file data23.txt (compact mmCIF, C-alpha atoms)
# COMPACT_ATOMS: atom_id res chain seq x y z
CA MET A 241 1.68 2.51 36.42
CA GLN A 242 -1.38 4.05 34.80
CA GLU A 243 -1.09 5.76 31.40
CA ALA A 244 -1.23 9.33 32.71
CA GLU A 245 1.31 8.59 35.44
CA LEU A 246 3.67 6.93 32.96
CA PHE A 247 3.69 9.88 30.60
CA THR A 248 3.85 12.46 33.36
CA THR A 249 6.87 10.71 34.88
CA TYR A 250 8.52 10.38 31.49
CA ALA A 251 7.92 14.06 30.68
CA ALA A 252 9.61 14.99 33.98
CA THR A 253 12.54 12.54 33.89
CA ARG A 254 13.11 11.71 30.19
CA ASP A 255 14.30 8.36 31.48
CA VAL A 256 15.12 6.15 28.46
CA SER A 257 14.24 2.90 30.24
CA LEU A 258 10.82 4.34 31.06
CA ARG A 259 10.39 5.42 27.43
CA ASN A 260 11.24 1.88 26.34
CA GLU A 261 8.66 0.51 28.74
CA ILE A 262 6.01 2.83 27.28
CA VAL A 263 7.00 1.89 23.72
CA GLU A 264 6.77 -1.82 24.54
CA ARG A 265 3.38 -1.34 26.15
CA TYR A 266 1.98 0.28 22.99
CA LEU A 267 3.90 -1.68 20.37
CA TYR A 268 0.74 -3.67 19.65
CA ILE A 269 -0.76 -0.53 18.08
CA ALA A 270 2.20 -0.26 15.66
CA GLU A 271 1.81 -3.94 14.83
CA MET A 272 -1.92 -3.69 14.33
CA LEU A 273 -1.73 -0.62 12.10
CA ALA A 274 1.16 -1.99 10.03
CA LYS A 275 -0.97 -5.05 9.26
CA LYS A 276 -3.76 -2.84 7.93
CA PHE A 277 -1.47 -1.59 5.16
CA VAL A 278 -0.08 -4.91 4.00
CA GLY A 279 -0.63 -5.74 0.32
CA ARG A 280 0.32 -2.37 -1.15
CA GLY A 281 3.74 -3.41 -2.40
CA VAL A 282 5.72 -2.92 0.84
CA GLU A 283 6.71 -5.82 3.08
CA TYR A 284 5.10 -6.09 6.51
CA ASP A 285 8.48 -5.93 8.29
CA ASP A 286 9.22 -2.56 6.68
CA LEU A 287 5.78 -1.24 7.63
CA TYR A 288 6.21 -2.48 11.17
CA GLN A 289 9.56 -0.71 11.40
CA VAL A 290 8.08 2.57 10.13
CA ALA A 291 5.16 2.22 12.55
CA SER A 292 7.48 1.46 15.48
CA LEU A 293 9.64 4.51 14.78
CA ALA A 294 6.49 6.64 14.58
CA LEU A 295 5.46 5.20 17.94
CA ILE A 296 8.78 6.22 19.52
CA LYS A 297 8.47 9.73 18.07
CA GLY A 298 4.87 9.85 19.30
CA VAL A 299 5.90 8.89 22.84
CA GLU A 300 8.38 11.77 22.80
CA ARG A 301 5.75 14.25 21.63
CA PHE A 302 2.68 13.12 23.57
CA ASP A 303 1.36 15.71 25.99
CA VAL A 304 -0.78 14.07 28.64
CA SER A 305 -2.20 17.44 29.72
CA GLN A 306 -4.18 17.66 26.46
CA GLY A 307 -6.62 15.14 27.93
CA VAL A 308 -6.48 12.75 24.97
CA LYS A 309 -5.80 9.03 25.36
CA PHE A 310 -2.44 7.97 23.97
CA SER A 311 -4.03 5.38 21.64
CA THR A 312 -6.25 8.09 20.11
CA PHE A 313 -3.25 10.38 19.66
CA ILE A 314 -0.85 7.80 18.28
CA THR A 315 -3.12 6.10 15.72
CA PRO A 316 -3.27 9.02 13.25
CA THR A 317 0.42 9.73 13.92
CA ILE A 318 1.46 6.21 12.92
CA THR A 319 -1.02 6.11 10.05
CA GLY A 320 0.38 9.40 8.73
CA GLU A 321 3.96 8.10 8.88
CA ILE A 322 3.00 4.92 7.03
CA LYS A 323 1.25 6.95 4.36
CA ASN A 324 4.27 9.24 4.01
CA TYR A 325 6.43 6.16 3.64
CA PHE A 326 4.21 4.90 0.82
CA ARG A 327 4.36 8.29 -0.86
CA ASP A 328 8.16 8.46 -0.62
CA ARG A 329 8.61 4.90 -1.75
CA SER A 330 6.16 5.09 -4.63
CA ARG A 331 8.94 5.94 -7.08
CA LEU A 332 10.76 2.79 -6.10
CA ILE A 333 7.83 0.40 -6.21
CA HIS A 334 7.71 -1.10 -9.65
CA LEU A 335 4.26 -2.59 -9.65
CA PRO A 336 4.18 -3.94 -13.21
CA ARG A 337 7.31 -6.00 -12.61
CA ARG A 338 5.97 -7.29 -9.30
CA VAL A 339 2.64 -8.13 -10.91
CA ASN A 340 4.36 -9.99 -13.73
CA GLU A 341 6.53 -11.93 -11.33
CA LEU A 342 3.66 -12.82 -9.05
CA LYS A 343 1.54 -13.81 -12.02
CA LEU A 344 4.22 -16.27 -13.10
CA ARG A 345 4.61 -17.59 -9.55
CA ILE A 346 0.84 -18.05 -9.27
CA ARG A 347 0.76 -20.03 -12.49
CA LYS A 348 3.68 -22.21 -11.44
CA THR A 349 2.18 -22.84 -8.00
CA ALA A 350 -1.22 -23.65 -9.52
CA GLU A 351 0.46 -26.27 -11.71
CA GLU A 352 2.35 -27.71 -8.74
CA LEU A 353 -0.79 -27.92 -6.61
CA LEU A 354 -2.71 -29.51 -9.48
CA ALA A 355 0.02 -32.14 -9.84
CA GLU A 356 0.05 -32.78 -6.08
CA THR A 357 -3.68 -32.97 -5.43
CA GLY A 358 -5.14 -33.83 -8.82
CA LYS A 359 -7.60 -30.91 -8.65
CA GLN A 360 -7.51 -27.26 -9.64
CA PRO A 361 -6.36 -25.19 -6.63
CA THR A 362 -8.38 -22.32 -5.21
CA ALA A 363 -7.03 -18.78 -4.83
CA ARG A 364 -6.83 -19.39 -1.08
CA GLU A 365 -4.66 -22.48 -1.53
CA ILE A 366 -2.34 -20.68 -3.93
CA ALA A 367 -2.12 -17.69 -1.57
CA ALA A 368 -1.24 -19.93 1.37
CA ARG A 369 1.51 -21.67 -0.62
CA LEU A 370 2.99 -18.38 -1.84
CA ASN A 371 2.58 -16.62 1.48
CA VAL A 372 0.69 -13.72 -0.12
CA SER A 373 -2.85 -12.52 0.50
CA GLU A 374 -5.79 -14.20 -1.17
CA GLU A 375 -6.79 -10.76 -2.45
CA GLU A 376 -3.50 -10.40 -4.32
CA VAL A 377 -4.02 -13.75 -6.05
CA VAL A 378 -7.56 -12.84 -7.07
CA SER A 379 -6.75 -9.30 -8.21
CA ILE A 380 -3.65 -10.32 -10.13
CA ALA A 381 -5.73 -12.83 -12.02
CA GLU A 382 -7.74 -9.78 -13.12
CA ALA A 383 -4.68 -7.73 -14.09
CA GLY A 384 -4.49 -7.29 -17.84
CA GLY A 385 -7.73 -9.15 -18.44
CA VAL A 386 -8.25 -12.89 -18.37
CA VAL A 387 -5.83 -13.88 -21.10
CA SER A 388 -4.43 -17.36 -20.70
CA LEU A 389 -0.66 -17.59 -20.89
CA ASP A 390 -1.20 -20.52 -23.25
CA SER A 391 -3.23 -18.49 -25.73
CA PRO A 392 -1.44 -17.41 -28.93
CA VAL A 393 0.04 -13.91 -29.04
CA PRO A 394 -2.07 -11.82 -31.42
CA ASP A 395 -0.27 -10.24 -34.40
CA SER A 396 2.85 -12.22 -33.60
CA GLU A 397 4.91 -12.87 -36.70
CA ARG A 398 6.73 -15.84 -35.28
CA GLY A 399 3.76 -17.40 -33.50
CA GLY A 400 4.10 -18.76 -29.97
CA ASP A 401 2.09 -18.15 -26.80
CA PHE A 402 2.15 -15.50 -24.04
CA HIS A 403 4.06 -17.86 -21.79
CA GLU A 404 7.06 -17.80 -24.15
CA VAL A 405 6.89 -14.03 -24.55
CA VAL A 406 6.75 -13.37 -20.79
CA ALA A 407 9.56 -15.85 -20.18
CA ALA A 408 11.63 -14.09 -22.84
CA ALA A 409 11.44 -10.81 -20.90
CA ASP A 410 14.19 -11.86 -18.52
CA ASP A 411 15.11 -9.98 -15.34
CA GLY A 412 18.03 -8.21 -16.97
CA ALA A 413 15.78 -6.58 -19.56
CA LEU A 414 13.27 -5.49 -16.91
CA GLU A 415 16.05 -4.15 -14.71
CA ALA A 416 17.33 -2.09 -17.63
CA VAL A 417 13.88 -0.59 -18.21
CA GLU A 418 13.60 0.33 -14.51
CA GLN A 419 17.02 1.94 -14.42
CA ARG A 420 16.18 3.90 -17.54
CA ASP A 421 12.99 5.21 -15.85
CA VAL A 422 14.89 6.30 -12.73
CA LEU A 423 17.54 7.97 -14.87
CA GLU A 424 15.00 9.85 -16.95
CA SER A 425 13.22 11.23 -13.89
CA ALA A 426 16.53 12.48 -12.42
CA MET A 427 17.43 14.11 -15.74
CA LYS A 428 14.47 16.46 -15.73
CA GLY A 429 16.36 19.19 -13.86
CA LEU A 430 19.44 19.20 -16.09
CA ARG A 431 20.51 21.83 -18.61
CA PRO A 432 20.31 20.80 -22.31
CA ALA A 433 24.09 20.24 -22.64
CA GLU A 434 24.16 18.19 -19.45
CA ARG A 435 21.21 16.11 -20.63
CA LYS A 436 22.96 15.42 -23.93
CA VAL A 437 26.02 14.00 -22.18
CA ILE A 438 23.92 11.67 -20.03
CA GLU A 439 21.72 10.63 -22.95
CA TYR A 440 24.73 9.71 -25.09
CA ARG A 441 26.61 8.02 -22.27
CA TYR A 442 23.86 6.16 -20.42
CA LEU A 443 20.85 5.88 -22.69
CA ASP A 444 22.68 5.37 -25.99
CA GLY A 445 25.62 3.60 -24.35
CA LEU A 446 28.37 5.63 -26.10
CA SER A 447 31.92 5.87 -24.71
CA GLN A 448 33.30 9.21 -23.45
CA THR A 449 35.38 9.51 -26.62
CA GLU A 450 32.36 8.88 -28.89
CA THR A 451 30.31 11.34 -26.85
CA ALA A 452 33.08 13.96 -27.13
CA LYS A 453 33.16 13.49 -30.91
CA ARG A 454 29.41 13.96 -31.23
CA LEU A 455 29.49 17.11 -29.10
CA GLY A 456 32.67 18.46 -30.70
CA VAL A 457 34.52 18.75 -27.38
CA SER A 458 37.42 16.93 -25.72
CA GLN A 459 37.10 13.64 -23.88
CA MET A 460 38.42 15.38 -20.73
CA TYR A 461 35.60 17.90 -20.94
CA VAL A 462 33.02 15.08 -21.20
CA SER A 463 34.64 13.32 -18.25
CA ARG A 464 34.49 16.43 -16.02
CA LEU A 465 30.97 17.34 -17.10
CA GLU A 466 29.76 13.81 -16.57
CA ARG A 467 31.18 13.68 -13.03
CA ARG A 468 29.51 16.99 -12.16
CA VAL A 469 26.17 16.01 -13.69
CA LEU A 470 26.13 12.64 -11.92
CA GLU A 471 26.75 14.40 -8.62
CA LYS A 472 23.88 16.77 -9.38
CA MET A 473 21.56 13.89 -10.27
CA ARG A 474 22.56 12.00 -7.14
CA GLU A 475 21.58 15.04 -5.07
CA THR A 476 18.27 15.37 -6.95
CA LEU A 477 17.44 11.72 -6.30
CA LYS A 478 18.45 12.00 -2.63
CA LYS A 479 16.30 15.09 -2.22
CA GLY A 480 13.37 13.32 -3.91
CA MET A 481 13.68 10.42 -1.47
CA ALA A 482 13.85 12.72 1.55
CA GLU A 483 10.77 14.77 0.61
CA MET B 179 -26.58 11.56 -5.27
CA LYS B 180 -25.96 8.63 -7.57
CA ASP B 181 -26.25 5.14 -6.13
CA LEU B 182 -23.47 2.92 -7.32
CA MET B 183 -24.14 -0.30 -5.47
CA LYS B 184 -25.92 -1.76 -2.46
CA LEU B 185 -24.83 -4.94 -0.79
CA GLU B 186 -26.02 -7.08 2.09
CA LEU B 187 -23.51 -9.50 3.43
CA PRO B 188 -22.77 -11.84 6.32
CA LEU B 189 -20.12 -10.55 8.71
CA GLY B 190 -17.09 -12.78 8.96
CA GLY B 191 -13.40 -12.75 8.22
CA GLU B 192 -13.84 -14.90 5.11
CA ILE B 193 -15.95 -12.27 3.32
CA MET B 194 -13.40 -9.44 3.69
CA THR B 195 -11.37 -10.29 0.59
CA THR B 196 -14.51 -10.12 -1.54
CA VAL B 197 -15.50 -6.83 0.10
CA ARG B 198 -12.04 -5.35 -0.53
CA LEU B 199 -12.11 -6.37 -4.18
CA THR B 200 -15.63 -5.00 -4.66
CA THR B 201 -14.68 -1.74 -2.94
CA GLY B 202 -11.59 -1.45 -5.14
CA GLY B 203 -13.75 -1.86 -8.24
CA ILE B 204 -16.22 0.78 -7.05
CA CYS B 205 -13.41 3.23 -6.22
CA SER B 206 -12.09 2.76 -9.72
CA LEU B 207 -15.59 3.39 -11.08
CA ALA B 208 -15.76 6.59 -9.01
CA GLY B 209 -12.43 7.74 -10.49
CA MET B 210 -10.42 7.55 -7.26
CA ASP B 211 -6.65 7.16 -7.44
CA LEU B 212 -4.96 3.98 -6.24
CA ASP B 213 -3.78 5.42 -2.95
CA ALA B 214 -7.23 6.72 -1.98
CA SER B 215 -8.74 3.48 -3.19
CA GLU B 216 -6.44 1.47 -0.88
CA ASP B 217 -7.37 3.74 2.04
CA CYS B 218 -11.04 3.27 1.20
CA LYS B 219 -10.65 -0.52 1.22
CA VAL B 220 -9.09 -0.35 4.70
CA CYS B 221 -11.92 1.91 5.93
CA VAL B 222 -14.69 -0.35 4.62
CA THR B 223 -13.23 -3.53 6.12
CA GLU B 224 -12.42 -1.72 9.37
CA SER B 225 -16.03 -0.48 9.64
CA LEU B 226 -17.34 -3.98 9.00
CA LEU B 227 -15.04 -5.32 11.72
CA LEU B 228 -16.38 -2.68 14.10
CA LEU B 229 -19.94 -3.78 13.31
CA MET B 230 -18.97 -7.42 13.71
CA HIS B 231 -17.37 -6.73 17.09
CA ALA B 232 -20.49 -4.82 18.09
CA GLY B 233 -22.39 -8.10 17.74
CA TYR B 234 -24.03 -7.91 14.31
CA ARG B 235 -24.28 -10.96 12.10
CA ARG B 236 -24.88 -9.14 8.84
CA ALA B 237 -24.32 -5.70 7.37
CA ALA B 238 -25.79 -3.54 4.66
CA VAL B 239 -23.33 -1.49 2.65
CA SER B 240 -24.26 1.18 0.14
CA PHE B 241 -21.89 3.05 -2.13
CA ALA B 242 -23.02 6.34 -3.61
CA GLU B 243 -21.38 9.13 -5.54
CA GLU B 244 -21.98 12.45 -3.80
CA GLU B 245 -19.16 14.98 -4.21
CA GLY B 246 -16.82 12.02 -3.98
CA LEU B 247 -17.61 8.57 -2.72
CA CYS B 248 -19.97 8.09 0.21
CA ILE B 249 -20.18 4.68 1.85
CA SER B 250 -22.80 3.84 4.46
CA LEU B 251 -22.51 0.69 6.50
CA SER B 252 -25.06 -0.50 9.01
CA GLY B 253 -25.30 -3.54 11.22
CA MET B 254 -28.15 -6.04 10.85
CA GLY B 255 -29.30 -9.02 12.91
CA MET B 256 -27.82 -8.73 16.35
CA ALA B 257 -26.42 -12.02 17.64
CA ASP B 258 -28.36 -13.42 20.63
CA ASP B 259 -25.22 -13.74 22.70
CA ALA B 260 -23.93 -10.24 21.86
CA GLU B 261 -22.27 -8.59 24.82
CA ASP B 262 -21.65 -4.95 25.51
CA VAL B 263 -18.34 -4.15 23.92
CA PRO B 264 -16.10 -1.20 24.71
CA GLU B 265 -15.50 1.33 21.93
CA ASP B 266 -12.63 0.43 19.68
CA GLU B 267 -10.70 3.69 19.83
CA ILE B 268 -7.89 2.57 17.59
CA SER B 269 -10.18 1.46 14.76
CA GLU B 270 -12.19 4.66 15.04
CA ALA B 271 -9.04 6.80 15.04
CA LEU B 272 -7.74 4.88 12.02
CA LEU B 273 -10.95 5.59 10.10
CA GLU B 274 -10.74 9.26 11.03
CA ALA B 275 -7.12 9.37 9.89
CA LEU B 276 -7.81 7.80 6.50
CA ALA B 277 -11.21 9.05 5.35
CA ALA B 278 -12.09 12.63 4.47
CA GLN B 279 -15.05 12.41 6.83
CA VAL B 280 -16.42 9.71 9.15
CA ALA B 281 -19.60 9.59 11.20
CA PHE B 282 -20.41 6.90 13.74
CA GLU B 283 -24.04 6.32 14.55
CA LYS B 284 -24.39 4.98 18.07
CA ARG B 285 -27.46 4.05 20.07
CA GLY B 286 -25.92 2.51 23.14
CA ARG B 287 -23.76 0.54 20.78
CA LEU B 288 -22.52 1.15 17.25
CA VAL B 289 -25.31 1.04 14.69
CA GLY B 290 -23.67 2.31 11.55
CA VAL B 291 -20.73 4.09 9.99
CA THR B 292 -20.72 6.60 7.14
CA ILE B 293 -17.46 7.28 5.35
CA ARG B 294 -16.75 9.93 2.75
CA PHE B 295 -13.82 10.12 0.38
call {"tool": "encode", "arguments": {"input": "data23.txt", "output": "C-alpha cells"}}
result
Amino acid sequence: MQEAELFTTYAATRDVSLRNEIVERYLYIAEMLAKKFVGRGVEYDDLYQVASLALIKGVERFDVSQGVKFSTFITPTITGEIKNYFRDRSRLIHLPRRVNELKLRIRKTAEELLAETGKQPTAREIAARLNVSEEEVVSIAEAGGVVSLDSPVPDSERGGDFHEVVAAADDGALEAVEQRDVLESAMKGLRPAERKVIEYRYLDGLSQTETAKRLGVSQMYVSRLERRVLEKMRETLKKGMAE
Amino acid sequence: MKDLMKLELPLGGEIMTTVRLTTGGICSLAGMDLDASEDCKVCVTESLLLLMHAGYRRAAVSFAEEEGLCISLSGMGMADDAEDVPEDEISEALLEALAAQVAFEKRGRLVGVTIRF
C-alpha cells in the first residue's frame, strides 16, 4: 500500500494491526533520529524508546489531507519529544559523576591497552574498548584541563596525587552528594518550619527526638509533620518530572 | 558580523568527531548553553553529511557571530562519479527542527547550507 492509502485506511478503520504495520514501516526514522542524540548522557535504548513512542503518537495524529509527507511531519515530532525528554531528565543526569567515572575508566583502559600492545592507545582504540564514542574520550580528556592523575595535588597537606584523591571519593560519598542536591531542590517550596524539620532530620542526620528537642515540640508532632512534608516533597518531585 | 573561524575540510565519516569538537568549542566561545551547543553540533554534522551525499569531496565551513551564531557550509570539489541524489527529507526536517533558522542553497543539487542559532 502507498503512504497516502495506508494513512487514509487507518484514519477510517483505526485498525491496530494496520497501525502496527505503519509504525514498523517508519521505525527506521525513530532509529535514525535517536542515534543523532547519542552522547548527551542518555543511553541509546532509552532514546530509541522515546522516539518510537513519539512515532506511534505521530501515526495517530498524522492527517494525510494536509499534503505533507509523513517523514517530513514525523521528524520534528520525534525530535521535539527527544528534546523534551532531555529537558525532563536533565535534573537526573549527574554529569560530573559520569565524567569522573568515565575518566577513571579511560585511564584504566589506556593502561590495559598499553600493557597488551606495548604502545600508547589512541582515543579511537579506547572508545572501541569502552563502547563509547571517540568524541566522549577526546572531550573528557579536556574536562578539567590536562592535569595528569599522577601529578601531585596542589596545596595538599598530606601529599599524594590526584589518583589517590579521586579514588578516595568513593561511590557512597558521591551518592550522598547527589541525594542532598535532589533533596535541596525539592525543599524550595516548603514553609520555614517544614524546612527546619527536613534539614535537621535529613541533612543534619538528627533523630526525631533530637529534632523535637531543638524545635521545642513533641516527637509525635515531628513525626506527623515529617510524614506530611515528605508527601508534599514527593508530589513536588513528581510534578517536576512530569513537566 | 564577527568572523569566528573558517575551515576547509575533507568530507568523510572520520572527520566528524573533530568537527563536532570544534563546533562545541565555538558554541562555547559564542556563549551558547550546552543544550543549544549539542543541537548545533548535530546540525553541522548533518549538513556536512548532506553535502557529502550530494557528491562533494570537501566542504568550507565558516562560523560567524551575527545576532547569535551563523554557520555557513558549502560543498567543494564534486566527485567525478557523483550521481543525482534525491533530497534527504529527514535530514532537512531535522535541521529545521533543531536550528533557529536554516536555508538550503540548491542549484539542481544542494550547494550549501546556512544555519542560525
call {"tool": "interface_residues", "arguments": {"input": "data23.txt", "of": "chain A", "to": "chain B", "cutoff": "7 Å", "atoms": "only C-alpha atoms", "output": "MDAnalysis selection string"}}
result
chainID A and resid 276 311:312 315:316 319 375
call {"tool": "residues_around", "arguments": {"input": "data23.txt", "residues": "Ala291 of chain A", "least_positions_apart": "5", "cutoff": "12 Å", "atoms": "only C-alpha atoms", "output": "VMD selection string"}}
result
chain A and resid 263 266 to 277 284 to 286 296 to 298 314 to 325
call {"tool": "axis_aligned_box", "arguments": {"input": "data23.txt", "around": "segment 259-274 of chain B", "padding_each_side": "4 Å", "output": "AutoDock Vina command-line options"}}
result
--center_x -16.5 --center_y -2.2 --center_z 17.8 --size_x 25.5 --size_y 31.0 --size_z 23.4
call {"tool": "residues_around", "arguments": {"input": "data23.txt", "residues": "Ala281 of chain B", "least_positions_apart": "5", "cutoff": "9 Å", "atoms": "all atoms listed in the file", "output": "ChimeraX atom specification"}}
result
/B:274,290-294
call {"tool": "atom_distance", "arguments": {"input": "data23.txt", "atom1": "atom CA of Glu283 of chain B", "atom2": "atom CA of Gly233 of chain B"}}
result
14.9 Å
call {"tool": "residues_around", "arguments": {"input": "data23.txt", "residues": "Lys180 of chain B", "least_positions_apart": "2", "cutoff": "10 Å", "atoms": "all atoms listed in the file", "output": "PyMOL selection string"}}
result
chain B and resi 182-183+241-245+247-248
call {"tool": "atom_distance", "arguments": {"input": "data23.txt", "atom1": "atom CA of Gly253 of chain B", "atom2": "atom CA of Lys284 of chain B"}}
result
11.0 Å
call {"tool": "atom_distance", "arguments": {"input": "data23.txt", "atom1": "atom CA of Leu187 of chain B", "atom2": "atom CA of Leu226 of chain B"}}
result
10.0 Å
call {"tool": "residues_around", "arguments": {"input": "data23.txt", "residues": "Asn260 of chain A", "least_positions_apart": "3", "cutoff": "12 Å", "atoms": "all atoms listed in the file", "output": "MDAnalysis selection string"}}
result
chainID A and resid 246:247 250 254:257 263:267 292:293 295:297 299:300
call {"tool": "closest_residue", "arguments": {"input": "data23.txt", "among": "A:Arg435, A:Tyr461, A:Thr449, A:Glu243", "to": "Ser305 of chain A", "atoms": "all atoms listed in the file"}}
result
A:Glu243
call {"tool": "closest_residue", "arguments": {"input": "data23.txt", "among": "B:Glu186, B:Ala237, B:Ser215, B:Ala232", "to": "Arg285 of chain B", "atoms": "only C-alpha atoms"}}
result
B:Ala232
call {"tool": "closest_residue", "arguments": {"input": "data23.txt", "among": "B:Ala214, B:Ile204, B:Pro188, B:Arg287", "to": "Ser240 of chain B", "atoms": "all atoms listed in the file"}}
result
B:Ile204
call {"tool": "residues_around", "arguments": {"input": "data23.txt", "residues": "Arg236 of chain B", "least_positions_apart": "5", "cutoff": "12 Å", "atoms": "all atoms listed in the file", "output": "number ranges by chain"}}
result
B: 185-190, 193, 226-231, 251-257, 289-290
call {"tool": "closest_residue", "arguments": {"input": "data23.txt", "among": "A:Leu354, A:Val372, A:Leu258, A:Ile346", "to": "Val278 of chain A", "atoms": "only C-alpha atoms"}}
result
A:Val372
call {"tool": "decode", "arguments": {"input": "data23.txt", "residues": "segment 240-266 of chain B", "atoms": "C-alpha atoms", "output": "PDB file, in the first residue's frame"}}
result
ATOM      1  CA  SER B 240      32.511  29.387   8.363  1.00  0.00           C
ATOM      2  CA  PHE B 241      31.331  30.340  11.818  1.00  0.00           C
ATOM      3  CA  ALA B 242      30.341  33.933  12.473  1.00  0.00           C
ATOM      4  CA  GLU B 243      28.655  35.794  15.284  1.00  0.00           C
ATOM      5  CA  GLU B 244      25.661  37.716  13.975  1.00  0.00           C
ATOM      6  CA  GLU B 245      22.802  38.081  16.461  1.00  0.00           C
ATOM      7  CA  GLY B 246      23.681  34.572  17.581  1.00  0.00           C
ATOM      8  CA  LEU B 247      25.791  32.049  15.763  1.00  0.00           C
ATOM      9  CA  CYS B 248      25.629  31.788  11.979  1.00  0.00           C
ATOM     10  CA  ILE B 249      27.247  28.806  10.289  1.00  0.00           C
ATOM     11  CA  SER B 250      27.632  28.571   6.524  1.00  0.00           C
ATOM     12  CA  LEU B 251      28.614  25.313   4.911  1.00  0.00           C
ATOM     13  CA  SER B 252      29.275  24.841   1.227  1.00  0.00           C
ATOM     14  CA  GLY B 253      30.327  21.887  -0.862  1.00  0.00           C
ATOM     15  CA  MET B 254      33.604  21.906  -2.805  1.00  0.00           C
ATOM     16  CA  GLY B 255      35.123  19.576  -5.397  1.00  0.00           C
ATOM     17  CA  MET B 256      32.372  17.458  -6.846  1.00  0.00           C
ATOM     18  CA  ALA B 257      33.348  13.796  -7.169  1.00  0.00           C
ATOM     19  CA  ASP B 258      33.608  12.623 -10.801  1.00  0.00           C
ATOM     20  CA  ASP B 259      31.264   9.731 -10.191  1.00  0.00           C
ATOM     21  CA  ALA B 260      28.660  11.823  -8.331  1.00  0.00           C
ATOM     22  CA  GLU B 261      25.139  10.760  -9.161  1.00  0.00           C
ATOM     23  CA  ASP B 262      21.917  12.678  -8.845  1.00  0.00           C
ATOM     24  CA  VAL B 263      20.686  12.043  -5.344  1.00  0.00           C
ATOM     25  CA  PRO B 264      17.151  12.506  -4.072  1.00  0.00           C
ATOM     26  CA  GLU B 265      16.593  15.149  -1.389  1.00  0.00           C
ATOM     27  CA  ASP B 266      17.115  13.859   2.104  1.00  0.00           C
TER      28      ASP B 266
END
